[in-house]
Amino acid sequence: MSQRVLIVMGSDSDLKVMKGACDALDALGVEYEVRISSAHRVPDKTARLAREAAAGGFGAIIAGAGGAAHLPGVVAANTVLPVIGVPIESGGLGGVDALYAIVQMPRGIPVATVAVNGAYNAGLLAAQILAAGDPELGRRLVAYRESLAAQVEKKDDDLQRLGVAGYLAGRA
């Protein structure tokens, strides 16, 4: 499986959220490419990016979108690579509209979906998908999980040592 991830968003306004996927992939040493391609404004470009992704060396695609959130579904309809949708909060519905649009894909065209604005987890999920064919990446993911566990243990140790008031004062 390829070691690259394609990250696509419909607008540059999505970049603040989608940077989370970049951060996760950077932390794990996974290569990626970031593109802006709207499912509505440049549908041919979007379809072409998805159709050519596998041949371009990508092993997974992360697609972020707000509002009607068609981008992940359009991408998934044009590739058999795993597609991870990131619903982006926009407008008055807090991203729930995007979440529903992405998670309710028709049978036969799946899109894995993370939480609203959950781009960091999308990056981790893409890395996990790639790790199925890359033992070294799998080891980096295990080390990442171990670091998460160590952080929790340190916080618990600090809480036990400082007590509730001292712990909260130290975090303020």
# chains A, B, ... in the order shown; residues from 1 in each chain; ligands from 1
>>> residues_around(residues="stretch 6-18 of chain A", least_positions_apart="2", cutoff="8 Å", atoms="only C-alpha atoms", output="MDAnalysis selection string")
chainID A and resid 4 20:22 32:39 53 58 60:66 71 88 117:120
>>> residues_around(residues="A:Ala112", least_positions_apart="6", cutoff="10 Å", atoms="only C-alpha atoms", output="MDAnalysis selection string")
chainID A and resid 62 72 76 82:86 102:103 105 122 125
>>> residues_around(residues="A:Val116", least_positions_apart="2", cutoff="8 Å", atoms="only C-alpha atoms", output="JSON, numbers by chain")
{"A": [86, 87, 88, 89, 95, 96, 98, 99, 114, 118]}
>>> atom_distance(atom1="atom CA of A:Gly59", atom2="atom CA of A:Ser90")
28.6 Å
>>> residues_around(residues="A:Val74", least_positions_apart="4", cutoff="8 Å", atoms="only C-alpha atoms", output="PyMOL selection string")
chain A and resi 39+46-47+70+78
>>> atom_distance(atom1="atom CA of A:Gly67", atom2="atom CA of A:Gly91")
7.1 Å
>>> select_by_dssp(residues="chain A", states="helix (DSSP H, G or I)", output="PyMOL selection string")
chain A and resi 12-28+43-52+71-77+91-93+96-103+119-131+135-171
>>> closest_atom_pairs(of="stretch 27-48 of chain A", to="stretch 144-154 of chain A", cutoff="12 Å", atoms="only C-alpha atoms", output="tab-separated table")
residue	atom	partner	partner_atom	distance
A:Ala27	CA	A:Tyr144	CA	8.8
A:Leu28	CA	A:Tyr144	CA	8.0
A:Gly29	CA	A:Tyr144	CA	11.6
>>> closest_residue(among="A:Asp23, A:Asp134, A:Asp157, A:Glu52", to="A:Val80", atoms="only C-alpha atoms")
A:Glu52
>>> residues_around(residues="A:Leu168", least_positions_apart="4", cutoff="12 Å", atoms="only C-alpha atoms", output="MDAnalysis selection string")
chainID A and resid 155 158:159 162:164 172
>>> write_last_selection(atoms="C-alpha atoms", output="PDB file, in the first residue's frame")
ATOM      1  CA  LYS A 155      -1.737  13.483  34.723  1.00  0.00           C
ATOM      2  CA  ASP A 158       0.080  14.810  39.244  1.00  0.00           C
ATOM      3  CA  LEU A 159      -3.550  14.726  40.419  1.00  0.00           C
ATOM      4  CA  LEU A 162      -1.338  17.806  44.070  1.00  0.00           C
ATOM      5  CA  GLY A 163      -4.980  17.113  44.851  1.00  0.00           C
ATOM      6  CA  VAL A 164      -7.887  18.550  42.918  1.00  0.00           C
ATOM      7  CA  ALA A 172      -4.831  27.649  34.927  1.00  0.00           C
TER       8      ALA A 172
END
>>> closest_residue(among="A:Gly56, A:Ala68, A:Ala101, A:Val75", to="A:Pro43", atoms="only C-alpha atoms")
A:Val75
>>> atom_distance(atom1="atom CA of A:Gly57", atom2="atom CA of A:Ala127")
14.4 Å
